[in-house]
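Q: My structure is stored as entry_39.txt, with compact mmCIF, C-alpha atoms and all ligand atoms.
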```txt
# COMPACT_ATOMS: atom_id res chain seq x y z
CA MET A 161 0.53 10.58 -48.43
CA GLU A 162 3.99 9.40 -49.36
CA LYS A 163 4.69 5.74 -48.61
CA LYS A 164 7.29 5.17 -45.95
CA VAL A 165 9.45 2.23 -44.94
CA ASN A 166 9.15 1.27 -41.35
CA PRO A 167 12.73 0.42 -40.28
CA VAL A 168 11.67 -2.03 -37.63
CA ARG A 169 8.82 -3.88 -39.24
CA ASN A 170 10.60 -3.61 -42.61
CA THR A 171 7.27 -3.10 -44.30
CA VAL A 172 6.08 -0.46 -46.66
CA SER A 173 3.09 1.35 -45.25
CA ASN A 174 1.21 4.50 -46.01
CA ARG A 175 -0.55 4.39 -42.70
CA ALA A 176 0.64 6.76 -40.01
CA LYS A 177 1.47 5.28 -36.64
CA ALA A 178 1.21 6.72 -33.14
CA ILE A 179 2.44 5.56 -29.75
CA GLY A 180 -0.15 6.15 -27.04
CA LEU A 181 0.54 6.23 -23.32
CA LEU A 182 -2.33 4.19 -21.95
CA SER A 183 -2.95 4.39 -18.21
CA GLY A 184 -6.26 2.60 -18.60
CA GLY A 185 -8.27 5.57 -17.31
CA LEU A 186 -11.03 7.22 -19.28
CA ASP A 187 -8.87 10.08 -20.58
CA SER A 188 -6.30 7.81 -22.18
CA ILE A 189 -9.02 5.60 -23.68
CA VAL A 190 -10.83 8.58 -25.25
CA ALA A 191 -7.52 10.01 -26.51
CA ALA A 192 -6.73 6.69 -28.21
CA LYS A 193 -10.19 6.58 -29.76
CA LEU A 194 -9.74 10.10 -31.18
CA ILE A 195 -6.52 8.99 -32.86
CA LEU A 196 -7.87 5.64 -34.07
CA GLU A 197 -10.88 7.47 -35.52
CA GLN A 198 -8.51 9.28 -37.85
CA GLY A 199 -7.33 5.99 -39.34
CA ILE A 200 -3.98 6.12 -37.57
CA GLU A 201 -2.38 2.92 -36.32
CA VAL A 202 -1.98 2.95 -32.54
CA GLU A 203 0.36 1.00 -30.32
CA ALA A 204 -0.07 1.54 -26.58
CA LEU A 205 2.59 1.68 -23.89
CA ASN A 206 2.15 1.49 -20.16
CA PHE A 207 4.86 2.08 -17.57
CA THR A 208 4.35 0.52 -14.16
CA THR A 209 6.33 1.06 -10.99
CA ALA A 210 6.33 -0.26 -7.44
CA PHE A 211 4.36 2.88 -6.57
CA CYS A 212 1.37 2.06 -8.79
CA THR A 213 -1.73 0.96 -6.90
CA CYS A 214 -3.36 -0.78 -9.86
CA THR A 215 -0.72 -3.47 -10.36
CA SER A 216 -1.11 -6.96 -9.06
CA LYS A 217 2.11 -8.70 -8.09
CA GLY A 218 4.14 -8.46 -11.26
CA SER A 219 1.28 -8.98 -13.67
CA GLY A 220 1.57 -5.43 -14.98
CA CYS A 221 -1.14 -2.83 -15.17
CA LEU A 222 -4.51 -4.57 -15.26
CA ALA A 223 -6.42 -1.38 -16.10
CA SER A 224 -4.28 -0.62 -19.14
CA GLN A 225 -4.53 -4.21 -20.39
CA LYS A 226 -8.30 -4.09 -20.05
CA ALA A 227 -8.42 -0.76 -21.87
CA ALA A 228 -6.16 -1.97 -24.69
CA ASP A 229 -8.34 -5.05 -25.15
CA GLN A 230 -11.45 -2.92 -25.19
CA ILE A 231 -10.22 -0.54 -27.90
CA GLY A 232 -8.37 -3.26 -29.80
CA VAL A 233 -4.80 -1.99 -29.79
CA PRO A 234 -1.57 -3.84 -28.94
CA LEU A 235 -0.07 -2.95 -25.58
CA LYS A 236 3.46 -3.16 -24.21
CA ILE A 237 3.93 -2.88 -20.46
CA PHE A 238 7.30 -1.80 -19.07
CA ASP A 239 8.15 -2.24 -15.41
CA ILE A 240 10.41 0.70 -14.51
CA SER A 241 10.34 0.15 -10.74
CA GLU A 242 14.14 0.07 -10.43
CA GLU A 243 14.85 2.91 -12.82
CA ILE A 244 12.33 5.32 -11.33
CA LEU A 245 14.05 5.21 -7.92
CA ASP A 246 16.76 7.63 -9.04
CA VAL A 247 14.06 10.03 -10.22
CA VAL A 248 12.34 9.81 -6.82
CA LYS A 249 15.64 10.37 -5.01
CA HIS A 250 16.81 13.40 -6.99
CA PRO A 251 13.99 15.19 -8.77
CA LYS A 252 15.10 18.28 -10.69
CA PHE A 253 11.64 19.83 -10.41
CA GLY A 254 10.81 18.85 -6.83
CA TYR A 255 7.87 17.06 -5.25
CA GLY A 256 4.12 17.60 -5.27
CA SER A 257 1.88 17.42 -2.22
CA GLY A 258 3.39 14.07 -1.19
CA MET A 259 6.71 12.59 -2.33
CA ASN A 260 5.57 12.57 -5.96
CA PRO A 261 8.13 14.02 -8.37
CA CYS A 262 5.51 14.27 -11.13
CA LEU A 263 7.38 16.45 -13.62
CA ASP A 264 10.55 14.38 -13.45
CA CYS A 265 8.52 11.18 -13.53
CA ARG A 266 6.68 12.27 -16.68
CA ILE A 267 9.91 13.42 -18.31
CA PHE A 268 11.52 10.05 -17.59
CA VAL A 269 8.55 8.12 -18.96
CA PHE A 270 8.30 10.32 -22.06
CA LYS A 271 11.99 9.82 -22.79
CA LYS A 272 11.39 6.08 -22.70
CA ALA A 273 8.37 6.47 -24.97
CA LYS A 274 10.46 8.59 -27.34
CA GLU A 275 13.02 5.78 -27.64
CA TYR A 276 10.20 3.38 -28.44
CA MET A 277 8.70 5.78 -30.99
CA ARG A 278 12.05 5.94 -32.80
CA GLU A 279 12.55 2.16 -32.70
CA SER A 280 9.07 1.39 -33.94
CA GLY A 281 9.07 3.99 -36.70
CA ALA A 282 6.04 5.78 -35.29
CA ASP A 283 5.24 9.38 -36.22
CA PHE A 284 4.29 10.82 -32.85
CA ILE A 285 3.32 10.13 -29.24
CA PHE A 286 -0.01 10.95 -27.68
CA THR A 287 -1.40 10.98 -24.14
CA GLY A 288 -4.75 11.48 -22.44
CA GLU A 289 -3.53 14.54 -20.56
CA VAL A 290 -5.93 17.42 -20.03
CA LEU A 291 -4.77 20.97 -19.40
CA GLY A 292 -5.41 21.95 -15.78
CA GLN A 293 -6.61 18.55 -14.63
CA ARG A 294 -3.75 17.71 -12.29
CA PRO A 295 -2.18 20.35 -10.09
CA MET A 296 1.47 19.50 -10.64
CA SER A 297 2.05 17.95 -14.04
CA GLN A 298 -0.86 19.32 -16.08
CA ARG A 299 -0.40 23.05 -15.70
CA ARG A 300 0.44 24.71 -19.01
CA GLU A 301 3.94 25.63 -17.91
CA ALA A 302 4.60 22.14 -16.54
CA MET A 303 3.29 20.50 -19.71
CA ASN A 304 5.61 22.66 -21.81
CA THR A 305 8.53 21.85 -19.52
CA ILE A 306 7.85 18.12 -19.75
CA GLU A 307 7.65 18.30 -23.54
CA ARG A 308 10.88 20.27 -23.81
CA GLU A 309 12.91 18.28 -21.25
CA SER A 310 11.90 14.93 -22.70
CA GLY A 311 13.04 16.04 -26.15
CA LEU A 312 9.56 15.58 -27.59
CA LYS A 313 8.89 19.13 -28.72
CA GLY A 314 6.54 18.88 -31.67
CA TYR A 315 6.08 15.13 -31.27
CA LEU A 316 3.77 15.07 -28.26
CA LEU A 317 0.08 15.33 -29.02
CA ARG A 318 -2.60 15.62 -26.35
CA PRO A 319 -5.78 14.99 -28.32
CA LEU A 320 -8.17 16.00 -25.50
CA CYS A 321 -6.73 19.51 -25.19
CA ALA A 322 -4.70 19.85 -28.42
CA LYS A 323 -6.54 22.96 -29.54
CA LEU A 324 -5.34 24.79 -26.44
CA PHE A 325 -1.73 24.29 -27.57
CA PRO A 326 0.14 25.19 -30.77
CA PRO A 327 -0.13 22.54 -33.52
CA THR A 328 2.28 19.61 -33.30
CA LEU A 329 4.30 18.36 -36.27
CA ALA A 330 1.75 15.61 -36.94
CA GLU A 331 -0.96 18.25 -37.29
CA GLU A 332 1.21 20.53 -39.42
CA LYS A 333 2.08 17.66 -41.76
CA GLY A 334 -1.57 16.69 -42.08
CA ILE A 335 -1.07 13.26 -40.44
CA VAL A 336 -3.62 14.33 -37.84
CA ASP A 337 -6.66 16.49 -38.58
CA ARG A 338 -6.51 19.21 -35.92
CA GLU A 339 -10.18 20.03 -36.44
CA LYS A 340 -11.10 16.63 -35.00
CA LEU A 341 -9.13 17.23 -31.80
CA LEU A 342 -10.56 18.78 -28.65
CA SER A 343 -10.08 21.70 -26.29
CA ILE A 344 -11.02 20.20 -22.92
CA SER A 345 -9.54 21.75 -19.79
CA GLY A 346 -10.01 21.50 -16.03
CA ARG A 347 -10.86 18.78 -13.57
CA SER A 348 -14.42 18.00 -14.66
CA ARG A 349 -14.70 14.86 -16.75
CA LYS A 350 -18.05 15.77 -18.28
CA GLY A 351 -16.60 16.18 -21.76
CA GLN A 352 -14.86 12.81 -21.67
CA ILE A 353 -17.91 11.05 -20.22
CA ALA A 354 -20.04 12.50 -23.02
CA LEU A 355 -17.61 10.95 -25.50
CA THR A 356 -18.05 7.46 -24.04
CA LYS A 357 -21.39 7.21 -25.86
CA ARG A 358 -19.94 8.32 -29.17
CA PHE A 359 -17.11 5.80 -28.89
CA ASN A 360 -19.20 3.06 -27.30
CA ILE A 361 -16.89 2.86 -24.30
CA LYS A 362 -18.72 0.82 -21.71
CA ASP A 363 -16.16 -0.04 -19.12
CA TYR A 364 -13.60 2.28 -17.61
CA PRO A 365 -12.18 2.82 -14.12
CA CYS A 366 -13.16 5.96 -12.11
CA SER A 367 -9.65 7.34 -12.45
CA ALA A 368 -6.40 6.21 -14.00
CA GLY A 369 -5.22 4.19 -11.02
CA GLY A 370 -3.20 5.73 -8.27
CA CYS A 371 0.30 6.49 -7.19
CA LEU A 372 1.40 5.75 -3.63
CA LEU A 373 3.78 8.70 -3.70
CA THR A 374 0.78 11.03 -3.50
CA ASP A 375 -0.70 9.14 -0.52
CA LYS A 376 -0.10 11.02 2.74
CA GLY A 377 0.68 7.97 4.88
CA PHE A 378 2.97 6.38 2.29
CA ALA A 379 4.72 9.70 1.63
CA GLN A 380 5.50 9.97 5.35
CA ARG A 381 7.16 6.55 5.31
CA MET A 382 8.99 7.43 2.11
CA GLU A 383 10.30 10.63 3.63
CA ASP A 384 11.52 8.69 6.66
CA LEU A 385 13.28 6.17 4.40
CA MET A 386 14.95 8.90 2.35
CA LYS A 387 16.13 10.67 5.49
CA TYR A 388 17.68 7.62 7.14
CA LYS A 389 18.63 5.58 4.08
CA PRO A 390 19.17 7.90 1.11
CA ASP A 391 20.66 5.04 -0.93
CA PHE A 392 17.49 2.94 -0.52
CA THR A 393 16.73 0.15 -2.97
CA LEU A 394 13.58 -1.51 -4.31
CA PRO A 395 13.23 -4.03 -1.40
CA ASP A 396 13.08 -1.03 0.97
CA VAL A 397 10.31 0.56 -1.07
CA LEU A 398 8.34 -2.68 -1.29
CA LEU A 399 8.40 -3.01 2.49
CA LEU A 400 6.90 0.49 2.82
CA LYS A 401 3.69 -0.76 1.23
CA TYR A 402 2.64 -3.02 4.07
CA GLY A 403 2.36 -3.11 7.85
CA ARG A 404 2.90 -0.68 10.70
CA HIS A 405 6.31 0.98 10.64
CA PHE A 406 8.50 1.82 13.60
CA ARG A 407 11.80 3.71 13.57
CA MET A 408 14.04 2.05 16.17
CA SER A 409 17.22 4.04 15.36
CA SER A 410 18.72 5.87 12.42
CA SER A 411 19.63 2.54 10.82
CA VAL A 412 17.08 0.08 12.26
CA LYS A 413 13.42 -0.24 11.43
CA LEU A 414 10.64 -2.61 12.45
CA VAL A 415 7.61 -3.47 10.30
CA VAL A 416 4.67 -5.31 11.89
CA ALA A 417 1.95 -6.95 9.77
CA ARG A 418 -1.64 -5.73 10.24
CA ASN A 419 -3.44 -8.90 9.21
CA GLU A 420 -2.94 -12.44 7.99
CA SER A 421 -2.42 -11.57 4.34
CA GLU A 422 0.24 -9.03 5.33
CA ASN A 423 1.91 -11.78 7.38
CA TYR A 424 2.59 -13.62 4.12
CA LEU A 425 3.53 -10.49 2.18
CA ILE A 426 5.95 -9.21 4.81
CA ALA A 427 7.50 -12.66 5.28
CA SER A 428 8.05 -12.83 1.52
CA LEU A 429 9.96 -9.52 1.65
CA LYS A 430 12.47 -10.72 4.26
CA THR A 431 16.06 -10.31 3.09
CA ASP A 432 18.98 -12.43 4.34
CA GLU A 433 19.98 -9.69 6.79
CA ASP A 434 16.50 -9.10 8.26
CA ILE A 435 15.38 -10.68 11.54
CA MET A 436 11.87 -12.07 11.31
CA PHE A 437 9.54 -12.47 14.29
CA HIS A 438 6.31 -14.44 14.44
CA ALA A 439 3.98 -14.48 17.43
CA GLN A 440 3.21 -18.16 18.13
CA ASP A 441 1.09 -18.21 21.27
CA PRO A 442 -1.25 -16.48 21.00
CA LEU A 443 -0.91 -16.54 17.23
CA GLY A 444 -0.27 -13.07 15.87
CA PRO A 445 1.70 -10.89 13.52
CA VAL A 446 4.86 -11.41 11.54
CA SER A 447 7.38 -8.60 11.95
CA ILE A 448 10.62 -7.77 10.21
CA LEU A 449 13.51 -5.98 11.87
CA ARG A 450 15.70 -4.42 9.19
CA GLY A 451 19.17 -2.97 9.80
CA SER A 452 19.83 -4.80 13.07
CA THR A 453 23.01 -6.51 11.98
CA GLY A 454 24.26 -7.20 15.51
CA GLY A 455 20.90 -8.17 17.00
CA GLU A 456 20.13 -4.73 18.43
CA PHE A 457 16.49 -4.09 19.36
CA VAL A 458 15.49 -7.76 19.33
CA ASP A 459 13.79 -7.53 22.75
CA GLU A 460 12.01 -4.31 21.86
CA ALA A 461 10.89 -5.65 18.48
CA ALA A 462 9.51 -8.76 20.20
CA SER A 463 7.68 -6.60 22.68
CA ILE A 464 6.06 -4.47 19.94
CA THR A 465 5.11 -7.67 18.10
CA ALA A 466 3.59 -8.98 21.37
CA ARG A 467 1.57 -5.77 21.75
CA TYR A 468 -0.18 -6.47 18.42
CA ALA A 469 -0.59 -10.18 19.15
CA LEU A 470 -2.45 -9.40 22.39
CA GLY A 471 -4.33 -6.29 21.30
CA LYS A 472 -4.48 -2.91 23.01
CA ASP A 473 -4.58 -2.81 26.84
CA ASN A 474 -4.19 -6.59 27.23
CA GLU A 475 -1.59 -8.04 29.55
CA GLY A 476 0.26 -11.34 29.42
CA GLU A 477 3.15 -12.90 27.59
CA VAL A 478 3.56 -13.97 24.02
CA LYS A 479 5.76 -16.78 22.77
CA ILE A 480 7.69 -15.44 19.80
CA ARG A 481 9.78 -17.27 17.24
CA TYR A 482 12.52 -15.28 15.58
CA PHE A 483 15.36 -15.94 13.20
CA MET A 484 17.69 -14.32 10.72
CA THR A 485 18.61 -17.53 8.90
CA PRO A 486 15.76 -19.98 8.20
CA GLY A 487 16.20 -23.14 10.26
CA GLU A 488 18.08 -21.30 13.02
CA ASP A 489 14.94 -20.44 14.95
CA ARG A 490 15.06 -19.05 18.47
CA PHE A 491 12.22 -18.46 20.90
CA LEU A 492 11.52 -15.91 23.58
CA LYS A 493 8.62 -14.87 25.76
CA SER A 494 7.75 -11.21 25.66
CA GLY A 495 5.19 -8.97 27.30
CA PRO A 496 3.58 -6.13 25.32
CA CYS A 497 5.39 -2.81 25.27
CA ARG A 498 3.76 0.34 26.62
CA GLU A 499 1.44 2.20 24.26
CA SER A 500 3.62 5.31 24.60
CA ALA A 501 6.61 3.32 23.32
CA VAL A 502 4.62 2.29 20.25
CA ASN A 503 3.60 5.89 19.60
CA GLU A 504 7.12 7.23 20.02
CA ARG A 505 8.54 4.80 17.48
CA ARG A 506 5.75 4.88 14.91
CA VAL A 507 6.59 6.39 11.52
S1 LIG A 601 1.47 10.70 -9.64
FE1 LIG A 601 3.17 9.25 -9.39
S2 LIG A 601 3.19 8.07 -11.31
FE2 LIG A 601 1.96 9.90 -11.70
S3 LIG A 601 3.41 11.38 -12.54
FE3 LIG A 601 3.32 11.73 -10.34
S4 LIG A 601 5.01 10.53 -9.49
FE4 LIG A 601 4.61 9.77 -11.57
```
Is it possible to express this structure as structure tokens?
Ligand code: SF4

A:
Amino acid sequence: MEKKVNPVRNTVSNRAKAIGLLSGGLDSIVAAKLILEQGIEVEALNFTTAFCTCTSKGSGCLASQKAADQIGVPLKIFDISEEILDVVKHPKFGYGSGMNPCLDCRIFVFKKAKEYMRESGADFIFTGEVLGQRPMSQRREAMNTIERESGLKGYLLRPLCAKLFPPTLAEEKGIVDREKLLSISGRSRKGQIALTKRFNIKDYPCSAGGCLLTDKGFAQRMEDLMKYKPDFTLPDVLLLKYGRHFRMSSSVKLVVARNESENYLIASLKTDEDIMFHAQDPLGPVSILRGSTGGEFVDEAASITARYALGKDNEGEVKIRYFMTPGEDRFLKSGPCRESAVNERRV
């Protein structure tokens, strides 16, 4: 093979290089192994968002880091939480069963990976995708659309099902031996599990993490947010992840923590304009009232907070502290609201 100069590393190398999208699930690990087995250098990328369920407070994707360590490849993690919001708001190819714009999301991520491929002087990109495994983004037509729209035609290799697609440029040029690629399709993971022995893969998660946009409950909250606040921002999305949600009006929402750890999480998400409530006696949940710029719904928010401090069907009064600006605390006593009021407001 002809020696080539890598423009970024400024080194002369005759070793081909591939960029792998590593979710950390079994499919992406096996795909990386199939490429590494061919003597090709691999660098892994992982894109995390606020919708990923496998991330832990800003530390990136733990599953992908574990997978990269296991197979011995360098990994770069990109947090695209802000950027992906536009994709979620205006998907060209629509949503899946929840509020998941999978095709647009993949196209966005692949465009980012393409930029990285160019910068790093790599020859192609590969993924652990399997034809027919996922209903929205892994149908043949969808996979072709994603490849075309991301500008990766010919540069996107899916080693697990490559033989079910026309050869990519890397195969045509002989960088990758097509005969060593696979033709797996469908939802069963038997083929991939069989390969774990061959590649000595001992530790892998059941699936490649999750996406909250496909979760029914989260999707309902997301839909509510998009209806009433189409120009939503990341703090709005973060608040959707925790607590019980109540729609007070088209512009005002209340979020009540479900347990002690959510008390801390919800308190940490308070913005300067939010009003925060905390049940003091008896001790109970933290709540955040968002959008109430003139103090509307304070009494009702206190009463819903009191309902969860006392528990269902209990009477009495709850002492509640509330404030918009820290240090300017106010107190009120509130009885629990009726159960029907809770149900009417609940998102
Ligand atoms: S499931 Fe979520 S993260 Fe995965 S492609 Fe769909 S929208 Fe993107």

Q: Hey, which residues sit close to ligand LIG 601 (chain A)? Say within 7 Å, counting all atoms listed in the file, and write them as a PyMOL selection string.

A: chain A and resi 212+260-263+265-266+297+370-374

Q: Which is closer to Leu398 in chain A than all the others in A:Leu186, A:Leu181, A:Ala322, A:Leu245, using all atoms listed in the file?

A: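 Using all atoms listed in the file, the shortest distance to Leu398 in chain A belongs to A:Leu245.
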
Q: Which of these residues is nearest to Asp396 in chain A, using all atoms listed in the file: A:Ala227, A:Ile344, A:Met296, A:Leu449?

A: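 Closest to Asp396 in chain A, using all atoms listed in the file: A:Leu449.
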
Q: When you look at range 188-192 of chain A with a cut-off of 10 Å (counting only C-alpha atoms), what residues show up, excluding the ones that are within fewer than 6 positions of it in the same chain? I need them as a PyMOL selection string.

A: chain A and resi 178-182+200-204+224+227-228+230-231+233+286-290+317-321+341-342+352-353+355-356+358-359+361+364+368

Q: In terms of the shortest atom-to-atom distance over all atoms listed in the file, which of A:Phe437, A:Phe207, A:Tyr468, A:Phe406 is closest to Phe483 in chain A?

A: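 Of A:Phe437, A:Phe207, A:Tyr468, A:Phe406, the one nearest Phe483 in chain A, counting all atoms listed in the file, is A:Phe437.
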
Q: For Ala461 in chain A, please output as a CSV table (one decimal) with C-alpha atoms, keeping the file's coordinate frame all residues within 10 Å (counting all atoms listed in the file; exclusion window: fewer than 6 positions along the same chain).

A:
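Okay, part35.csv is ready:
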```csv
chain,number,residue,atom,x,y,z
A,406,PHE,CA,8.5,1.8,13.6
A,408,MET,CA,14.0,2.0,16.2
A,413,LYS,CA,13.4,-0.2,11.4
A,414,LEU,CA,10.6,-2.6,12.4
A,415,VAL,CA,7.6,-3.5,10.3
A,416,VAL,CA,4.7,-5.3,11.9
A,435,ILE,CA,15.4,-10.7,11.5
A,436,MET,CA,11.9,-12.1,11.3
A,437,PHE,CA,9.5,-12.5,14.3
A,447,SER,CA,7.4,-8.6,12.0
A,448,ILE,CA,10.6,-7.8,10.2
A,449,LEU,CA,13.5,-6.0,11.9
A,467,ARG,CA,1.6,-5.8,21.8
A,494,SER,CA,7.8,-11.2,25.7
A,497,CYS,CA,5.4,-2.8,25.3
```

Q: So that I can see what lies close to Glu433 in chain A, please list as a PyMOL selection string the residues with an atom at most 9 Å from it, counting all atoms listed in the file and leaving out residues fewer than 5 positions away in the same chain.

A: chain A and resi 450-453+484-485

Q: Can you work out which one of A:Leu205, A:Ala210, A:Leu312, A:Val446 has the shortest atom-to-atom distance to Asn419 in chain A, counting all atoms listed in the file?

A: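 Once distances to Asn419 in chain A are computed over all atoms listed in the file, the minimum belongs to A:Val446.
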
Q: How would range 222-240 of chain A read, as a short mmCIF file (atom, residue, chain, number, x, y, z; two decimals), in the frame of the given file, once N, CA and C atoms are built in?

A:
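Result file is result.cif:
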```
data_model
loop_
_atom_site.label_atom_id
_atom_site.label_comp_id
_atom_site.auth_asym_id
_atom_site.auth_seq_id
_atom_site.Cartn_x
_atom_site.Cartn_y
_atom_site.Cartn_z
N LEU A 222 -3.29 -3.89 -14.83
CA LEU A 222 -4.51 -4.57 -15.26
C LEU A 222 -5.45 -3.60 -15.97
N ALA A 223 -5.51 -2.36 -15.49
CA ALA A 223 -6.42 -1.38 -16.10
C ALA A 223 -6.01 -1.08 -17.54
N SER A 224 -4.72 -0.95 -17.77
CA SER A 224 -4.28 -0.62 -19.14
C SER A 224 -4.49 -1.81 -20.07
N GLN A 225 -4.31 -3.03 -19.54
CA GLN A 225 -4.53 -4.21 -20.39
C GLN A 225 -6.00 -4.31 -20.79
N LYS A 226 -6.86 -4.05 -19.81
CA LYS A 226 -8.30 -4.09 -20.05
C LYS A 226 -8.70 -3.03 -21.09
N ALA A 227 -8.11 -1.85 -20.94
CA ALA A 227 -8.42 -0.76 -21.87
C ALA A 227 -7.93 -1.09 -23.27
N ALA A 228 -6.72 -1.63 -23.37
CA ALA A 228 -6.16 -1.97 -24.69
C ALA A 228 -7.02 -3.03 -25.37
N ASP A 229 -7.48 -4.00 -24.58
CA ASP A 229 -8.34 -5.05 -25.15
C ASP A 229 -9.64 -4.44 -25.65
N GLN A 230 -10.17 -3.51 -24.85
CA GLN A 230 -11.45 -2.92 -25.19
C GLN A 230 -11.39 -2.11 -26.50
N ILE A 231 -10.29 -1.37 -26.68
CA ILE A 231 -10.22 -0.54 -27.90
C ILE A 231 -9.47 -1.25 -29.03
N GLY A 232 -8.97 -2.45 -28.74
CA GLY A 232 -8.37 -3.26 -29.80
C GLY A 232 -7.02 -2.76 -30.29
N VAL A 233 -6.15 -2.39 -29.37
CA VAL A 233 -4.80 -1.99 -29.79
C VAL A 233 -3.77 -2.84 -29.03
N PRO A 234 -2.61 -3.09 -29.66
CA PRO A 234 -1.57 -3.84 -28.94
C PRO A 234 -0.99 -3.00 -27.81
N LEU A 235 -0.59 -3.67 -26.75
CA LEU A 235 -0.07 -2.95 -25.58
C LEU A 235 1.25 -3.56 -25.15
N LYS A 236 2.20 -2.69 -24.82
CA LYS A 236 3.46 -3.16 -24.21
C LYS A 236 3.55 -2.54 -22.82
N ILE A 237 3.81 -3.38 -21.83
CA ILE A 237 3.93 -2.88 -20.46
C ILE A 237 5.40 -2.96 -20.03
N PHE A 238 5.92 -1.84 -19.54
CA PHE A 238 7.30 -1.80 -19.07
C PHE A 238 7.31 -1.58 -17.56
N ASP A 239 8.00 -2.44 -16.86
CA ASP A 239 8.15 -2.24 -15.41
C ASP A 239 9.43 -1.42 -15.18
N ILE A 240 9.24 -0.18 -14.71
CA ILE A 240 10.41 0.70 -14.51
C ILE A 240 10.63 0.96 -13.02
#
```
